[in-house]
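Structure file query-v9.txt; described as compact mmCIF, C-alpha atoms.
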```txt
# COMPACT_ATOMS: atom_id res chain seq x y z
CA MET X 1168 91.55 99.83 79.96
CA HIS X 1169 90.88 102.46 82.60
CA ASP X 1170 88.42 102.38 85.50
CA VAL X 1171 86.55 99.25 84.49
CA TRP X 1172 83.83 99.35 87.13
CA SER X 1173 81.14 96.91 86.03
CA LEU X 1174 80.84 93.44 84.55
CA HIS X 1175 78.83 94.96 81.70
CA GLU X 1176 81.75 97.24 80.87
CA LEU X 1177 84.15 94.30 81.15
CA ASP X 1178 81.93 92.35 78.75
CA GLU X 1179 82.12 95.16 76.20
CA ILE X 1180 85.91 95.36 76.49
CA THR X 1181 86.44 91.61 76.14
CA LEU X 1182 83.97 90.89 73.33
CA PRO X 1183 85.35 90.25 69.83
CA GLY X 1184 86.16 93.63 68.30
CA GLY X 1185 86.47 95.24 71.73
CA ALA X 1186 89.27 97.21 73.32
CA LEU X 1187 91.09 94.12 74.57
CA GLU X 1188 91.29 92.66 71.08
CA ALA X 1189 92.74 95.95 69.82
CA ALA X 1190 95.29 95.97 72.65
CA VAL X 1191 96.36 92.40 71.86
CA GLN X 1192 96.80 93.33 68.19
CA ALA X 1193 98.81 96.42 69.16
CA ARG X 1194 101.10 94.17 71.22
CA LYS X 1195 101.50 91.74 68.32
CA ASP X 1196 102.36 94.68 66.05
CA GLY X 1197 104.97 95.94 68.52
CA TYR X 1198 103.18 99.16 69.51
CA VAL X 1199 102.73 98.21 73.17
CA ARG X 1200 104.57 95.82 75.44
CA TYR X 1201 102.13 95.40 78.33
CA ILE X 1202 98.35 95.22 78.59
CA SER X 1203 96.83 96.51 81.80
CA ILE X 1204 93.51 97.32 83.38
CA SER X 1205 92.46 99.57 86.24
CA GLY X 1206 89.60 99.56 88.67
CA HIS X 1207 88.66 102.11 91.28
CA SER X 1208 85.72 100.59 93.10
CA ASN X 1209 84.77 96.92 92.69
CA PRO X 1210 87.43 94.23 93.15
CA ALA X 1211 85.12 91.51 91.81
CA VAL X 1212 85.30 93.10 88.36
CA GLN X 1213 89.11 92.97 88.34
CA VAL X 1214 89.04 89.37 89.60
CA GLU X 1215 86.77 88.46 86.69
CA ALA X 1216 89.04 90.38 84.30
CA LEU X 1217 92.01 88.23 85.39
CA ASN X 1218 89.90 85.11 84.90
CA ARG X 1219 89.22 86.19 81.30
CA PHE X 1220 92.67 87.44 80.27
CA PRO X 1221 96.24 87.36 81.66
CA PHE X 1222 96.66 91.12 82.11
CA ASP X 1223 100.25 92.13 82.81
CA SER X 1224 99.28 94.56 85.55
CA VAL X 1225 96.30 96.01 87.37
CA LEU X 1226 96.03 99.49 88.87
CA CYS X 1227 93.62 99.36 91.80
CA ALA X 1228 92.49 101.35 94.81
CA MET X 1229 94.30 100.28 97.99
CA SER X 1230 94.34 102.18 101.26
CA VAL X 1231 94.17 101.85 105.00
CA LEU X 1232 90.41 102.13 104.59
CA ASP X 1233 90.31 99.18 102.18
CA ARG X 1234 88.97 96.67 104.67
CA PHE X 1235 85.95 98.85 105.49
CA ILE X 1236 84.62 98.95 101.93
CA LEU X 1237 84.85 96.60 98.94
CA SER X 1238 88.29 95.21 99.68
CA PHE X 1239 90.89 94.89 96.96
CA ALA X 1240 93.30 93.57 99.62
CA ASP X 1241 91.03 90.70 100.62
CA GLU X 1242 89.29 89.91 97.34
CA PHE X 1243 91.69 90.86 94.56
CA LEU X 1244 95.29 90.58 95.80
CA PRO X 1245 95.24 86.80 96.40
CA VAL X 1246 94.00 86.22 92.82
CA ALA X 1247 96.57 88.60 91.31
CA LYS X 1248 99.37 86.96 93.29
CA ALA X 1249 98.30 83.47 92.22
CA LYS X 1250 98.26 84.54 88.57
CA GLY X 1251 101.56 86.44 88.75
CA THR X 1252 99.95 89.76 87.84
CA ALA X 1253 101.72 92.98 88.81
CA VAL X 1254 99.64 95.21 91.09
CA ILE X 1255 99.96 98.98 91.38
CA GLY X 1256 98.10 100.54 94.29
CA MET X 1257 96.50 103.97 94.02
CA LYS X 1258 94.60 106.17 96.48
CA ASN X 1259 96.76 104.69 99.21
CA SER X 1260 96.42 107.61 101.62
CA GLY X 1261 92.63 107.37 101.75
CA ILE X 1262 92.45 111.16 101.59
CA ARG X 1263 89.55 111.25 99.18
CA SER X 1264 87.62 108.90 101.42
CA SER X 1265 88.34 110.90 104.54
CA ARG X 1266 85.76 113.10 106.23
CA PHE X 1267 88.45 115.49 107.41
CA ASP X 1268 89.75 118.53 105.60
CA ILE X 1269 93.54 118.03 105.64
CA ARG X 1270 94.52 121.14 103.69
```
Can you dump the structure from the file as structure tokens?
Amino acid sequence: MHDVWSLHELDEITLPGGALEAAVQARKDGYVRYISISGHSNPAVQVEALNRFPFDSVLCAMSVLDRFILSFADEFLPVAKAKGTAVIGMKNSGIRSSRFDIR
């Protein structure tokens, strides 16, 4: 499940007949090994996702600028660590968030 950015979207994914149910069935049938989710902007959504389902991994935005905006480092990482969920950081250079042209 890619770029799950709102609780409403998370609700749709986790409802019976939603994408998560299909992913679980695909794992049971041997088509996939791991079930993951990603979030680009709101760590509270990924925290709630881990409270609803034991995702194998989460791809999330992490950068040096993380502590100045909604913070995956402060809000999400402790929950993921406690649940044993693998975390993959993206956007770690903060280039997209920078005001400077680095070309």
Requested in this report: Enter the distance from atom CA of Ala1249 of chain X to atom CA of Ile1204 of chain X, in Å, rounded to one decimal.
Outcome: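 The value is 17.1 Å.
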Write out as a compact mmCIF listing (two decimals) with C-alpha atoms, in the coordinates of the input which residues come within 9 Å of Phe1243 of chain X when counting all atoms listed in the file, dropping same-chain ones fewer than 3 positions away.
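The resulting file, around_25.txt, is reproduced below:
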```
# COMPACT_ATOMS: atom_id res chain seq x y z
CA PRO X 1210 87.43 94.23 93.15
CA ALA X 1211 85.12 91.51 91.81
CA GLN X 1213 89.11 92.97 88.34
CA VAL X 1214 89.04 89.37 89.60
CA SER X 1238 88.29 95.21 99.68
CA PHE X 1239 90.89 94.89 96.96
CA ALA X 1240 93.30 93.57 99.62
CA VAL X 1246 94.00 86.22 92.82
CA ALA X 1247 96.57 88.60 91.31
CA LYS X 1248 99.37 86.96 93.29
```
**Report entry** Distance of atom CA of Ile1236 of chain X from atom CA of Thr1181 of chain X, expressed in Å to one decimal place
**Finding:**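 Distance reported for this atom pair: 26.9 Å.
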Report summary line: Restricting to all atoms listed in the file, whichever of X:His1169, X:Lys1258, X:His1175, X:Lys1250 is closest to Pro1221 of chain X is X:Lys1250
Report task. Quick one: everything within 12 Å of segment 1182-1186 of chain X, counting only C-alpha atoms, minus sequence neighbours fewer than 2 positions away in the same chain. Send it as an MDAnalysis selection string. Result -> chainID X and resid 1168:1169 1171 1174:1180 1188:1193 1202:1204 1219:1220
